[in-house]
>>> print(open('input16.txt').read())   # compact mmCIF, C-alpha atoms
# COMPACT_ATOMS: atom_id res chain seq x y z
CA MET N 220 -9.32 -33.48 -35.67
CA ASP N 221 -12.51 -33.95 -33.71
CA ILE N 222 -15.58 -31.84 -34.18
CA ILE N 223 -17.00 -29.97 -31.19
CA LEU N 224 -19.89 -27.60 -31.85
CA GLY N 225 -22.20 -25.63 -29.64
CA ILE N 226 -25.25 -23.44 -30.29
CA ARG N 227 -27.06 -21.46 -27.64
CA VAL N 228 -30.73 -20.94 -28.52
CA LYS N 229 -33.67 -19.29 -26.75
CA ASP N 230 -34.01 -21.50 -23.69
CA SER N 231 -31.64 -24.35 -24.38
CA VAL N 232 -28.15 -25.19 -25.54
CA ILE N 233 -27.19 -27.66 -28.29
CA VAL N 234 -23.87 -29.49 -28.13
CA ALA N 235 -22.64 -31.70 -30.98
CA THR N 236 -19.52 -33.89 -31.02
CA SER N 237 -18.10 -36.23 -33.68
CA LYS N 238 -18.37 -39.99 -33.10
CA ALA N 239 -15.01 -41.03 -34.55
CA PHE N 240 -12.07 -41.98 -32.34
CA THR N 241 -9.02 -41.55 -34.55
CA ARG N 242 -5.39 -42.46 -34.01
CA GLY N 243 -2.94 -41.51 -36.71
CA ILE N 244 -4.58 -42.41 -40.01
CA SER N 245 -7.00 -44.97 -38.56
CA VAL N 246 -10.48 -44.66 -37.14
CA LEU N 247 -10.50 -47.02 -34.15
CA LYS N 248 -14.10 -46.49 -33.07
CA ASP N 249 -17.26 -44.88 -34.43
CA THR N 250 -19.22 -44.58 -31.18
CA ASP N 251 -16.94 -42.31 -29.13
CA ASP N 252 -18.77 -39.89 -26.85
CA LYS N 253 -16.64 -36.80 -26.21
CA THR N 254 -18.82 -35.39 -23.47
CA ARG N 255 -19.16 -35.68 -19.69
CA VAL N 256 -22.26 -34.84 -17.68
CA LEU N 257 -21.16 -32.61 -14.77
CA ASN N 258 -24.53 -32.18 -13.08
CA GLN N 259 -28.20 -31.84 -13.98
CA TYR N 260 -27.77 -28.76 -16.14
CA ASN N 261 -24.15 -28.81 -17.27
CA LEU N 262 -22.35 -30.73 -19.97
CA LEU N 263 -18.66 -30.65 -20.83
CA ALA N 264 -17.52 -31.50 -24.38
CA PHE N 265 -13.80 -31.91 -25.01
CA THR N 266 -11.13 -32.48 -27.64
CA GLY N 267 -7.36 -32.45 -27.80
CA GLU N 268 -4.53 -34.87 -27.08
CA SER N 269 -6.18 -38.25 -26.46
CA GLY N 270 -5.49 -39.46 -22.96
CA ASP N 271 -5.22 -35.88 -21.71
CA THR N 272 -8.81 -35.33 -22.74
CA THR N 273 -10.42 -38.16 -20.77
CA GLN N 274 -8.11 -37.61 -17.81
CA PHE N 275 -8.98 -33.94 -17.65
CA ALA N 276 -12.71 -34.39 -18.23
CA ASP N 277 -12.93 -37.09 -15.55
CA TYR N 278 -11.00 -34.87 -13.16
CA ILE N 279 -13.38 -31.96 -13.73
CA GLN N 280 -16.42 -34.21 -13.44
CA ALA N 281 -15.17 -35.70 -10.17
CA ASN N 282 -14.36 -32.30 -8.70
CA ILE N 283 -17.75 -30.84 -9.57
CA GLN N 284 -19.40 -33.82 -7.88
CA LEU N 285 -17.09 -33.51 -4.87
CA PHE N 286 -18.03 -29.85 -4.52
CA THR N 287 -21.72 -30.75 -4.61
CA MET N 288 -21.24 -33.33 -1.86
CA ARG N 289 -19.18 -31.03 0.35
CA GLU N 290 -21.25 -27.89 0.00
CA ASN N 291 -24.65 -29.50 -0.50
CA THR N 292 -25.34 -27.24 -3.48
CA GLU N 293 -24.94 -27.42 -7.26
CA LEU N 294 -22.33 -25.22 -8.92
CA ASN N 295 -23.82 -22.95 -11.58
CA SER N 296 -22.53 -22.77 -15.16
CA LYS N 297 -20.44 -19.63 -14.76
CA ALA N 298 -18.71 -20.99 -11.65
CA ILE N 299 -17.94 -24.25 -13.48
CA ALA N 300 -16.55 -22.36 -16.49
CA SER N 301 -14.41 -20.31 -14.13
CA PHE N 302 -13.19 -23.47 -12.38
CA VAL N 303 -12.33 -25.26 -15.64
CA ARG N 304 -10.46 -22.21 -16.93
CA GLN N 305 -8.55 -21.94 -13.66
CA GLN N 306 -7.51 -25.60 -13.92
CA LEU N 307 -6.24 -25.19 -17.49
CA ALA N 308 -4.52 -21.91 -16.66
CA THR N 309 -2.71 -23.63 -13.78
CA SER N 310 -1.90 -26.62 -15.95
CA ILE N 311 -0.27 -24.62 -18.76
CA ARG N 312 2.13 -23.16 -16.18
CA SER N 313 3.15 -26.60 -14.94
CA ARG N 314 5.76 -29.02 -16.24
CA THR N 315 3.08 -31.32 -17.67
CA PRO N 316 0.26 -29.23 -19.15
CA TYR N 317 -3.01 -30.73 -20.34
CA GLN N 318 -3.52 -30.24 -24.05
CA VAL N 319 -7.29 -30.05 -23.95
CA GLN N 320 -9.93 -27.84 -25.52
CA VAL N 321 -13.35 -27.78 -23.93
CA LEU N 322 -16.81 -26.46 -24.54
CA LEU N 323 -19.18 -26.06 -21.62
CA GLY N 324 -22.90 -25.98 -22.27
CA GLY N 325 -25.51 -25.58 -19.61
CA LEU N 326 -28.32 -23.66 -18.01
CA HIS N 327 -26.89 -21.08 -15.60
CA ASN N 328 -28.84 -21.45 -12.34
CA GLY N 329 -31.16 -23.87 -14.15
CA SER N 330 -32.68 -21.17 -16.35
CA GLU N 331 -30.28 -19.05 -18.40
CA PRO N 332 -28.69 -20.81 -21.43
CA PHE N 333 -24.93 -20.64 -21.27
CA LEU N 334 -22.15 -21.66 -23.65
CA SER N 335 -18.46 -21.22 -23.00
CA LEU N 336 -15.39 -22.04 -25.07
CA ILE N 337 -12.12 -22.69 -23.25
CA ASP N 338 -8.80 -23.69 -24.80
CA TYR N 339 -5.64 -25.28 -23.40
CA LEU N 340 -4.06 -21.87 -22.80
CA GLY N 341 -6.83 -20.95 -20.41
CA THR N 342 -8.63 -18.62 -22.80
CA ARG N 343 -12.31 -18.46 -21.96
CA VAL N 344 -15.01 -16.86 -24.09
CA ASP N 345 -18.75 -17.06 -23.42
CA LEU N 346 -20.45 -17.19 -26.82
CA PRO N 347 -23.82 -17.70 -28.54
CA TYR N 348 -22.32 -20.35 -30.86
CA CYS N 349 -18.86 -21.78 -31.27
CA ALA N 350 -16.69 -24.63 -32.55
CA HIS N 351 -13.26 -25.99 -31.79
CA GLY N 352 -10.66 -26.95 -34.36
CA TYR N 353 -11.11 -27.28 -38.12
CA ALA N 354 -14.89 -27.59 -37.81
CA ALA N 355 -14.94 -23.88 -37.01
CA PHE N 356 -13.57 -23.02 -40.47
CA TYR N 357 -16.41 -24.83 -42.23
CA THR N 358 -19.32 -23.91 -39.98
CA MET N 359 -18.68 -20.38 -38.71
CA SER N 360 -19.97 -18.70 -41.86
CA LEU N 361 -23.22 -20.69 -41.68
CA LEU N 362 -23.64 -19.91 -38.00
CA ASP N 363 -22.87 -16.21 -38.55
CA HIS N 364 -25.42 -16.05 -41.32
CA HIS N 365 -28.33 -17.97 -39.82
CA TYR N 366 -28.01 -17.52 -36.07
CA LYS N 367 -30.57 -15.46 -34.16
CA PRO N 368 -30.48 -15.12 -30.37
CA ASP N 369 -34.17 -15.91 -29.98
CA MET N 370 -34.12 -19.08 -32.12
CA ALA N 371 -36.25 -21.97 -30.93
CA LEU N 372 -34.67 -25.37 -30.34
CA ASP N 373 -35.94 -26.91 -33.60
CA GLU N 374 -34.56 -23.95 -35.58
CA GLY N 375 -31.25 -24.44 -33.82
CA LEU N 376 -31.25 -28.11 -34.76
CA LYS N 377 -31.99 -27.17 -38.39
CA LEU N 378 -28.98 -24.87 -38.34
CA LEU N 379 -26.89 -27.68 -36.89
CA LYS N 380 -28.07 -29.91 -39.72
CA LEU N 381 -26.78 -27.34 -42.22
CA CYS N 382 -23.45 -27.35 -40.40
CA HIS N 383 -23.37 -31.14 -40.51
CA GLN N 384 -24.05 -31.23 -44.27
CA GLU N 385 -21.32 -28.68 -44.86
CA LEU N 386 -18.85 -30.70 -42.83
CA VAL N 387 -19.68 -33.91 -44.70
CA LYS N 388 -19.35 -32.13 -48.00
CA ARG N 389 -16.16 -30.13 -47.46
CA MET N 390 -14.11 -31.66 -44.67
CA PRO N 391 -11.57 -34.26 -45.90
CA ILE N 392 -11.77 -36.17 -42.62
CA GLU N 393 -14.13 -39.02 -41.76
CA PHE N 394 -15.81 -38.16 -38.47
CA LYS N 395 -18.56 -40.85 -38.44
CA GLY N 396 -21.44 -38.51 -37.75
CA LEU N 397 -22.41 -36.47 -34.70
CA TYR N 398 -23.75 -37.10 -31.24
CA VAL N 399 -26.14 -34.29 -30.43
CA LYS N 400 -27.18 -33.32 -26.91
CA VAL N 401 -29.55 -30.68 -25.68
CA ILE N 402 -29.55 -29.02 -22.28
CA ASP N 403 -32.86 -27.41 -21.30
CA LYS N 404 -35.06 -27.04 -18.21
CA ASP N 405 -35.66 -30.83 -18.16
CA GLY N 406 -31.92 -31.55 -17.97
CA ILE N 407 -29.60 -33.11 -20.55
CA ARG N 408 -30.86 -35.41 -23.29
CA ASP N 409 -29.63 -37.06 -26.49
CA ILE N 410 -31.19 -36.04 -29.79
CA ASP N 411 -31.63 -38.53 -32.59
CA PHE N 412 -29.71 -36.81 -35.38
CA SER N 413 -29.55 -38.70 -38.63
CA MET W 111 -5.12 -35.58 38.90
CA SER W 112 -5.70 -34.17 35.48
CA ARG W 113 -2.02 -33.21 35.16
CA ARG W 114 -1.28 -36.21 33.02
CA TYR W 115 -3.93 -35.35 30.46
CA ASP W 116 -4.15 -31.60 30.26
CA SER W 117 -0.66 -30.81 29.07
CA ARG W 118 -1.44 -31.99 25.58
CA THR W 119 -4.22 -30.80 23.33
CA THR W 120 -4.81 -34.07 21.61
CA ILE W 121 -5.15 -36.57 24.43
CA PHE W 122 -8.47 -37.53 26.00
CA SER W 123 -8.69 -37.68 29.79
CA PRO W 124 -10.18 -40.84 31.33
CA GLU W 125 -13.51 -39.00 31.57
CA GLY W 126 -13.35 -38.42 27.84
CA ARG W 127 -12.52 -34.72 27.94
CA LEU W 128 -10.00 -32.57 26.12
CA TYR W 129 -8.75 -30.24 28.83
CA GLN W 130 -6.82 -27.83 26.65
CA VAL W 131 -9.89 -27.22 24.51
CA GLU W 132 -11.97 -26.62 27.60
CA TYR W 133 -9.37 -24.19 28.94
CA ALA W 134 -9.46 -22.33 25.64
CA LEU W 135 -13.25 -22.08 25.86
CA GLU W 136 -12.86 -20.83 29.43
CA ALA W 137 -10.35 -18.18 28.38
CA ILE W 138 -12.91 -16.81 25.94
CA ASN W 139 -15.51 -16.58 28.70
CA HIS W 140 -13.31 -13.91 30.27
CA ALA W 141 -12.81 -11.93 27.08
CA GLY W 142 -14.87 -8.90 26.07
CA THR W 143 -18.42 -9.67 24.96
CA ALA W 144 -19.41 -9.70 21.32
CA ILE W 145 -23.01 -9.75 20.15
CA GLY W 146 -24.57 -10.45 16.78
CA VAL W 147 -28.17 -9.76 15.82
CA MET W 148 -29.80 -10.53 12.50
CA ALA W 149 -32.45 -8.25 11.04
CA LYS W 150 -34.61 -8.78 7.98
CA ASP W 151 -32.49 -6.33 5.98
CA GLY W 152 -29.07 -6.78 7.56
CA VAL W 153 -26.87 -8.01 10.37
CA VAL W 154 -25.35 -6.13 13.32
CA LEU W 155 -22.22 -6.96 15.27
CA ALA W 156 -21.32 -5.18 18.49
CA ALA W 157 -18.39 -5.85 20.78
CA GLU W 158 -17.03 -4.58 24.04
CA ARG W 159 -13.43 -3.47 24.17
CA LYS W 160 -11.89 -4.28 27.55
CA VAL W 161 -8.66 -2.32 27.55
CA THR W 162 -9.12 1.37 27.04
CA SER W 163 -6.79 4.23 27.73
CA LYS W 164 -6.85 7.92 27.09
CA LEU W 165 -3.55 7.49 25.31
CA LEU W 166 -4.81 4.84 22.92
CA GLU W 167 -5.10 6.04 19.35
CA GLN W 168 -8.81 5.72 18.65
CA ASP W 169 -9.13 5.70 14.89
CA THR W 170 -6.42 3.13 14.20
CA SER W 171 -7.48 0.52 16.66
CA ALA W 172 -10.49 -1.53 15.66
CA GLU W 173 -9.33 -4.63 17.48
CA LYS W 174 -12.28 -6.94 17.29
CA MET W 175 -13.99 -6.31 13.96
CA TYR W 176 -12.52 -7.60 10.73
CA VAL W 177 -13.67 -7.52 7.13
CA LEU W 178 -13.05 -10.95 5.62
CA ASN W 179 -14.23 -10.24 2.07
CA ASP W 180 -16.76 -8.03 0.26
CA LYS W 181 -19.64 -9.83 1.93
CA THR W 182 -18.47 -10.94 5.36
CA VAL W 183 -17.38 -9.30 8.62
CA CYS W 184 -16.53 -10.98 11.86
CA ALA W 185 -16.23 -10.06 15.53
CA VAL W 186 -13.61 -11.69 17.73
CA ALA W 187 -13.72 -12.78 21.35
CA GLY W 188 -10.59 -14.16 22.93
CA MET W 189 -6.98 -13.83 21.94
CA THR W 190 -6.87 -11.23 19.18
CA ALA W 191 -3.40 -12.31 18.14
CA ASP W 192 -4.58 -15.86 17.52
CA ALA W 193 -7.51 -14.47 15.57
CA GLY W 194 -5.10 -12.61 13.31
CA ILE W 195 -3.62 -15.86 12.08
CA LEU W 196 -7.02 -17.33 11.27
CA ILE W 197 -8.27 -14.12 9.68
CA ASN W 198 -5.22 -13.93 7.48
CA SER W 199 -5.70 -17.47 6.23
CA ILE W 200 -9.43 -17.10 5.69
CA ARG W 201 -9.01 -13.88 3.71
CA TYR W 202 -6.56 -15.70 1.50
CA SER W 203 -8.92 -18.63 1.15
CA ALA W 204 -11.85 -16.36 0.28
CA GLN W 205 -9.86 -14.67 -2.48
CA GLN W 206 -8.73 -18.03 -3.79
CA TYR W 207 -12.35 -19.17 -4.01
CA LEU W 208 -13.29 -15.95 -5.80
CA LYS W 209 -10.46 -16.47 -8.28
CA THR W 210 -11.39 -20.09 -8.95
CA TYR W 211 -15.16 -19.87 -9.23
CA GLY W 212 -15.62 -16.25 -10.22
CA GLU W 213 -18.07 -15.64 -7.39
CA ASP W 214 -17.79 -14.88 -3.68
CA ILE W 215 -17.35 -17.74 -1.26
CA PRO W 216 -20.64 -18.74 0.44
CA ILE W 217 -20.66 -17.68 4.10
CA GLU W 218 -21.11 -21.19 5.45
CA THR W 219 -18.21 -22.49 3.34
CA LEU W 220 -16.00 -19.76 4.70
CA VAL W 221 -16.99 -20.53 8.29
CA LYS W 222 -16.43 -24.22 7.66
CA ARG W 223 -12.90 -23.55 6.43
CA ILE W 224 -11.95 -21.62 9.57
CA CYS W 225 -13.44 -24.39 11.68
CA ASP W 226 -11.43 -27.05 9.87
CA VAL W 227 -8.24 -25.21 10.86
CA LYS W 228 -9.40 -24.88 14.45
CA GLN W 229 -10.42 -28.53 14.64
CA GLY W 230 -7.02 -29.56 13.35
CA TYR W 231 -5.34 -28.11 16.43
CA THR W 232 -7.54 -30.20 18.74
CA GLN W 233 -6.59 -33.45 17.04
CA HIS W 234 -3.29 -33.27 15.20
CA GLY W 235 -1.94 -31.06 17.90
CA GLY W 236 0.40 -28.18 18.09
CA LEU W 237 1.23 -26.34 21.27
CA ARG W 238 -2.29 -25.14 22.07
CA PRO W 239 -5.64 -24.65 20.35
CA PHE W 240 -6.69 -21.28 18.93
CA GLY W 241 -8.06 -19.25 21.84
CA VAL W 242 -10.73 -17.46 19.84
CA SER W 243 -14.42 -17.55 19.15
CA PHE W 244 -15.89 -15.66 16.20
CA ILE W 245 -19.22 -14.22 15.24
CA PHE W 246 -19.55 -14.05 11.47
CA ALA W 247 -22.04 -11.83 9.70
CA GLY W 248 -22.44 -12.17 5.98
CA HIS W 249 -24.66 -12.29 2.95
CA ASP W 250 -24.80 -14.66 -0.01
CA GLU W 251 -27.13 -15.59 -2.84
CA ARG W 252 -28.18 -18.86 -1.29
CA TYR W 253 -29.37 -17.94 2.21
CA GLY W 254 -29.34 -14.12 2.21
CA PHE W 255 -28.18 -12.58 5.50
CA GLN W 256 -26.54 -14.99 7.90
CA LEU W 257 -25.04 -15.09 11.38
CA TYR W 258 -22.69 -17.80 12.65
CA THR W 259 -20.51 -18.45 15.65
CA SER W 260 -17.48 -20.70 15.94
CA ASN W 261 -15.42 -21.76 18.97
CA PRO W 262 -11.97 -23.30 19.63
CA SER W 263 -13.24 -26.87 19.34
CA GLY W 264 -14.04 -26.28 15.67
CA ASN W 265 -17.81 -26.38 15.95
CA TYR W 266 -19.98 -23.76 14.29
CA SER W 267 -23.67 -22.94 14.33
CA GLY W 268 -26.08 -20.49 12.72
CA TRP W 269 -28.14 -18.01 14.76
CA LYS W 270 -30.75 -15.26 14.64
CA ALA W 271 -29.05 -13.53 17.57
CA THR W 272 -26.11 -14.71 19.62
CA SER W 273 -23.24 -13.69 21.84
CA ILE W 274 -19.75 -14.86 22.76
CA GLY W 275 -17.28 -13.82 25.44
CA ALA W 276 -17.86 -12.67 29.03
CA ASN W 277 -21.42 -12.87 30.32
CA ASN W 278 -22.56 -14.57 27.15
CA THR W 279 -25.22 -16.56 28.99
CA SER W 280 -26.91 -13.46 30.37
CA ALA W 281 -26.58 -11.73 27.02
CA GLN W 282 -28.16 -14.76 25.41
CA THR W 283 -31.09 -14.62 27.87
CA LEU W 284 -31.65 -10.93 27.14
CA LEU W 285 -31.52 -11.57 23.41
CA LYS W 286 -34.01 -14.40 23.74
CA GLN W 287 -36.38 -12.09 25.57
CA ASP W 288 -36.18 -9.14 23.22
CA TYR W 289 -35.50 -10.67 19.81
CA LYS W 290 -38.37 -10.38 17.39
CA ASP W 291 -38.54 -11.89 13.92
CA GLY W 292 -38.59 -9.35 11.10
CA MET W 293 -36.77 -6.54 12.93
CA THR W 294 -35.27 -3.74 10.86
CA LEU W 295 -31.53 -3.12 10.89
CA GLU W 296 -32.06 -0.07 13.06
CA GLU W 297 -34.06 -2.03 15.64
CA ALA W 298 -31.38 -4.71 15.62
CA GLN W 299 -28.68 -2.07 16.21
CA ASN W 300 -30.55 -0.76 19.23
CA LEU W 301 -31.13 -4.25 20.58
CA ALA W 302 -27.44 -5.12 20.23
CA LEU W 303 -26.41 -1.94 22.02
CA LYS W 304 -28.99 -2.42 24.76
CA VAL W 305 -27.89 -5.98 25.45
CA LEU W 306 -24.23 -4.98 25.34
CA SER W 307 -24.78 -2.13 27.81
CA LYS W 308 -26.56 -4.46 30.22
CA THR W 309 -23.95 -7.20 30.10
CA THR W 310 -20.78 -5.14 30.35
CA ASP W 311 -19.14 -4.79 33.73
CA SER W 312 -18.62 -1.07 33.35
CA ASN W 313 -21.81 0.80 34.07
CA LYS W 314 -21.74 3.12 31.11
CA LEU W 315 -21.11 2.44 27.44
CA THR W 316 -18.86 4.88 25.63
CA SER W 317 -17.53 4.90 22.10
CA GLU W 318 -14.08 3.94 23.42
CA LYS W 319 -15.51 0.75 24.82
CA VAL W 320 -17.68 -0.28 21.88
CA GLU W 321 -16.88 -1.60 18.46
CA PHE W 322 -19.64 -1.81 15.95
CA SER W 323 -20.19 -3.09 12.44
CA THR W 324 -23.14 -3.71 10.15
CA ILE W 325 -24.02 -5.32 6.86
CA GLY W 326 -27.10 -4.01 5.13
CA LEU W 327 -28.52 -2.88 1.83
CA ASP W 328 -28.20 0.70 0.60
CA ALA W 329 -30.89 2.62 -1.28
CA ASP W 330 -30.03 0.84 -4.55
CA GLY W 331 -30.27 -2.58 -2.92
CA LYS W 332 -26.48 -2.98 -3.02
CA LEU W 333 -24.77 -4.73 -0.16
CA GLN W 334 -23.11 -2.30 2.20
CA LEU W 335 -20.62 -3.50 4.74
CA ARG W 336 -18.92 -1.25 7.24
CA ILE W 337 -17.01 -1.08 10.49
CA TRP W 338 -18.14 2.01 12.32
CA THR W 339 -15.80 4.84 13.33
CA PRO W 340 -15.75 6.08 16.96
CA GLU W 341 -17.62 9.24 15.86
CA GLN W 342 -20.36 7.21 14.24
CA ILE W 343 -20.64 4.99 17.32
CA GLU W 344 -20.82 8.04 19.59
CA LYS W 345 -23.66 9.41 17.49
CA LEU W 346 -25.46 6.06 17.53
CA LEU W 347 -25.11 5.75 21.31
CA LYS W 348 -26.68 9.19 21.74
CA GLU W 349 -29.50 8.60 19.28
CA SER W 350 -30.38 5.13 20.47
CA GLY W 351 -30.86 6.44 24.00
CA VAL W 352 -28.80 3.69 25.59
CA LEU W 353 -26.64 6.30 27.32
CA THR W 354 -29.52 8.29 28.74
CA ARG W 355 -31.35 5.23 29.93
CA ASP W 356 -28.27 4.20 31.89
CA GLU W 357 -27.87 7.64 33.39
CA GLU W 358 -31.50 7.67 34.48
CA GLY W 359 -30.97 4.28 36.04
CA GLU W 360 -28.08 5.59 38.09
CA GLU W 361 -30.05 8.57 39.32
CA SER W 362 -33.06 6.68 40.56
>>> encode(input="input16.txt", output="structure tokens")
Amino acid sequence: MDIILGIRVKDSVIVATSKAFTRGISVLKDTDDKTRVLNQYNLLAFTGESGDTTQFADYIQANIQLFTMRENTELNSKAIASFVRQQLATSIRSRTPYQVQVLLGGLHNGSEPFLSLIDYLGTRVDLPYCAHGYAAFYTMSLLDHHYKPDMALDEGLKLLKLCHQELVKRMPIEFKGLYVKVIDKDGIRDIDFS
Amino acid sequence: MSRRYDSRTTIFSPEGRLYQVEYALEAINHAGTAIGVMAKDGVVLAAERKVTSKLLEQDTSAEKMYVLNDKTVCAVAGMTADAGILINSIRYSAQQYLKTYGEDIPIETLVKRICDVKQGYTQHGGLRPFGVSFIFAGHDERYGFQLYTSNPSGNYSGWKATSIGANNTSAQTLLKQDYKDGMTLEEAQNLALKVLSKTTDSNKLTSEKVEFSTIGLDADGKLQLRIWTPEQIEKLLKESGVLTRDEEGEES
């Protein structure tokens, strides 16, 4: 099971994803990036059935870019979340549904931090912090305890570090560390997290 | 001579013209006038109704003004029945956009979608093009209040004040003369009525002959969109003084 974590802090959003690409009992790769950049201020992280995940994420990425070209305007975070949910809700009612969980992090209209959790059933929840899969069991208590809505970015990263330590300590799955990305007014950037 | 080329919508004549599209544009030039004027705090649409009868049910027959979604109205010039088809499809499309993105469709996107349908009938064919021009009035986050027109060829353009239908050139000249930037909605209403009264063939405007709609902001800054009832139009005609000015004109 992959790890997908998100924390929304004062004026940015932190998204962390595990680096391991696993098939069956083997780790095939330890540099797998489970995110797609949708536009300047929006990042999509995903997990689920491999194959479905990349197909779906690429499809969303392409459609967001197509929209931008056609309408000559960037879609904001809430519209993207709505679009992604709509796609998954349509998919689950088809003969070949995508089995994909996603987490959308971004700055709504380039200013308001936004984090949304969407599952393969088309359930969407906008949250201050969240995780998909087993990682949620290990980290939710830490996040509940330490999270404050007006946290600064470095405090958020400290909290993420706690989550990471907990995962290393308690989770019986090798996930090869985390890629950490931050979305703030300057756009999306990687954070050195080791 | 043109017989060989004007029976089909999709075939160019040797001079490079599409006759059926030109005929459609011509048909609209005989239809009742519609005028749109943009103000700083709203948009006004006014239209002339050609066919009136004492027997016509007044309150159930707004023929030329249609609400497309919460933030857009349009006025029609040309074949109202054709317009119905387009309006139906654009309402559907607007709701679909709202469902997908969780926000209202931008006005220009909506106009573009209608125009794509219209364009299709000038190229892929059918029996004839849509014989309608529209004036769209709307509001969105991106550009605020907006005014667009579209015609049967599938072109659209944005305006501060514009007109379609019969006498649209003279209406356009009048608008050009009297339009001022930064008008209030009320001033825009009066201008629209004044221009409409001067361009209609009948010498006096009455509420049976006018359709009217506005988009503006209410006291709380919320968008208010309405198609006026005959009573409201009657009141407006009286208050704006368009009626009296015409009567004075007849006397002198």
>>> residues_around(input="input16.txt", residues="Ile233 (chain N)", least_positions_apart="5", cutoff="6 Å", atoms="all atoms listed in the file", output="ChimeraX atom specification")
/N:225-226,400-401
>>> atom_distance(input="input16.txt", atom1="CA of Ile215 (chain W)", atom2="CA of Gly406 (chain N)")
26.1 Å
>>> closest_atom_pairs(input="input16.txt", of="chain N", to="chain W", cutoff="7 Å", atoms="only C-alpha atoms", output="Markdown table")
| residue | atom | partner | partner_atom | distance |
| --- | --- | --- | --- | --- |
| N:Ala298 | CA | W:Tyr211 | CA | 4.4 |
| N:Ile299 | CA | W:Tyr211 | CA | 6.7 |
| N:Ser301 | CA | W:Tyr211 | CA | 5.0 |
| N:Phe302 | CA | W:Thr210 | CA | 5.1 |
| N:Gln305 | CA | W:Thr210 | CA | 5.8 |
>>> atom_distance(input="input16.txt", atom1="CA of Pro262 (chain W)", atom2="CA of Gln229 (chain W)")
7.4 Å
>>> residues_around(input="input16.txt", residues="region 346-348 of chain W", least_positions_apart="6", cutoff="10 Å", atoms="all atoms listed in the file", output="short mmCIF file (atom, residue, chain, number, x, y, z; two decimals) with C-alpha atoms, in the coordinates of the input")
data_model
loop_
_atom_site.label_atom_id
_atom_site.label_comp_id
_atom_site.auth_asym_id
_atom_site.auth_seq_id
_atom_site.Cartn_x
_atom_site.Cartn_y
_atom_site.Cartn_z
CA GLN W 299 -28.68 -2.07 16.21
CA ASN W 300 -30.55 -0.76 19.23
CA LEU W 303 -26.41 -1.94 22.02
CA LYS W 304 -28.99 -2.42 24.76
CA LEU W 315 -21.11 2.44 27.44
CA THR W 316 -18.86 4.88 25.63
CA SER W 317 -17.53 4.90 22.10
CA VAL W 320 -17.68 -0.28 21.88
CA PHE W 322 -19.64 -1.81 15.95
CA TRP W 338 -18.14 2.01 12.32
CA PRO W 340 -15.75 6.08 16.96
CA THR W 354 -29.52 8.29 28.74
#
>>> closest_atom_pairs(input="input16.txt", of="region 238-282 of chain W", to="region 174-184 of chain W", cutoff="8 Å", atoms="all atoms listed in the file", output="CSV")
residue,atom,partner,partner_atom,distance
W:Phe244,CA,W:Cys184,CA,6.4
W:Ile245,CA,W:Cys184,CA,5.4
W:Phe246,CA,W:Cys184,CA,4.3
W:Ala247,CA,W:Val183,CA,5.4
W:Gly248,CA,W:Thr182,CA,4.2
W:His249,CA,W:Lys181,CA,5.7
W:Asp250,CA,W:Lys181,CA,7.3
>>> closest_residue(input="input16.txt", among="N:Val232, N:Ala264, N:Ala276, N:Ala308", to="Pro368 (chain N)", atoms="all atoms listed in the file")
N:Val232
>>> residues_around(input="input16.txt", residues="Ala156 (chain W)", least_positions_apart="4", cutoff="6 Å", atoms="all atoms listed in the file", output="list in words")
Ala144, Ile145, Glu321 and Phe322 of chain W
>>> closest_residue(input="input16.txt", among="W:Ser163, W:Ser273, W:Thr120, W:Thr339", to="Gly146 (chain W)", atoms="only C-alpha atoms")
W:Ser273
>>> closest_residue(input="input16.txt", among="W:Ala298, W:Leu237, W:Val186, W:Val147", to="Gln282 (chain W)", atoms="only C-alpha atoms")
W:Val147
>>> atom_distance(input="input16.txt", atom1="CA of Leu381 (chain N)", atom2="CA of Pro347 (chain N)")
17.0 Å
>>> residues_around(input="input16.txt", residues="Asp291 (chain W)", least_positions_apart="2", cutoff="12 Å", atoms="all atoms listed in the file", output="list of chain:residue names")
W:Val147, W:Met148, W:Ala149, W:Lys150, W:Asp151, W:Lys270, W:Ala271, W:Leu285, W:Lys286, W:Gln287, W:Asp288, W:Tyr289, W:Met293, W:Thr294, W:Leu295, W:Glu297, W:Ala298
>>> closest_residue(input="input16.txt", among="N:Ser360, N:Asn261, N:Thr292, N:Thr342", to="Leu326 (chain N)", atoms="only C-alpha atoms")
N:Asn261
>>> residues_around(input="input16.txt", residues="Glu385 (chain N)", least_positions_apart="4", cutoff="8 Å", atoms="all atoms listed in the file", output="number ranges by chain")
N: 357-358, 381, 389-390
>>> decode(input="input16.txt", residues="region 305-317 of chain W", atoms="C-alpha atoms", output="PDB file, in the first residue's frame")
ATOM      1  CA  VAL W 305     -33.067  53.884 -28.986  1.00  0.00           C
ATOM      2  CA  LEU W 306     -35.728  51.203 -29.311  1.00  0.00           C
ATOM      3  CA  SER W 307     -38.507  53.787 -29.591  1.00  0.00           C
ATOM      4  CA  LYS W 308     -36.622  55.639 -32.310  1.00  0.00           C
ATOM      5  CA  THR W 309     -35.839  52.565 -34.389  1.00  0.00           C
ATOM      6  CA  THR W 310     -39.190  50.803 -34.296  1.00  0.00           C
ATOM      7  CA  ASP W 311     -41.520  51.243 -37.227  1.00  0.00           C
ATOM      8  CA  SER W 312     -44.533  51.859 -35.040  1.00  0.00           C
ATOM      9  CA  ASN W 313     -44.556  55.403 -33.766  1.00  0.00           C
ATOM     10  CA  LYS W 314     -45.337  54.663 -30.166  1.00  0.00           C
ATOM     11  CA  LEU W 315     -43.849  52.133 -27.767  1.00  0.00           C
ATOM     12  CA  THR W 316     -46.276  50.241 -25.589  1.00  0.00           C
ATOM     13  CA  SER W 317     -45.744  47.448 -23.109  1.00  0.00           C
TER      14      SER W 317
END
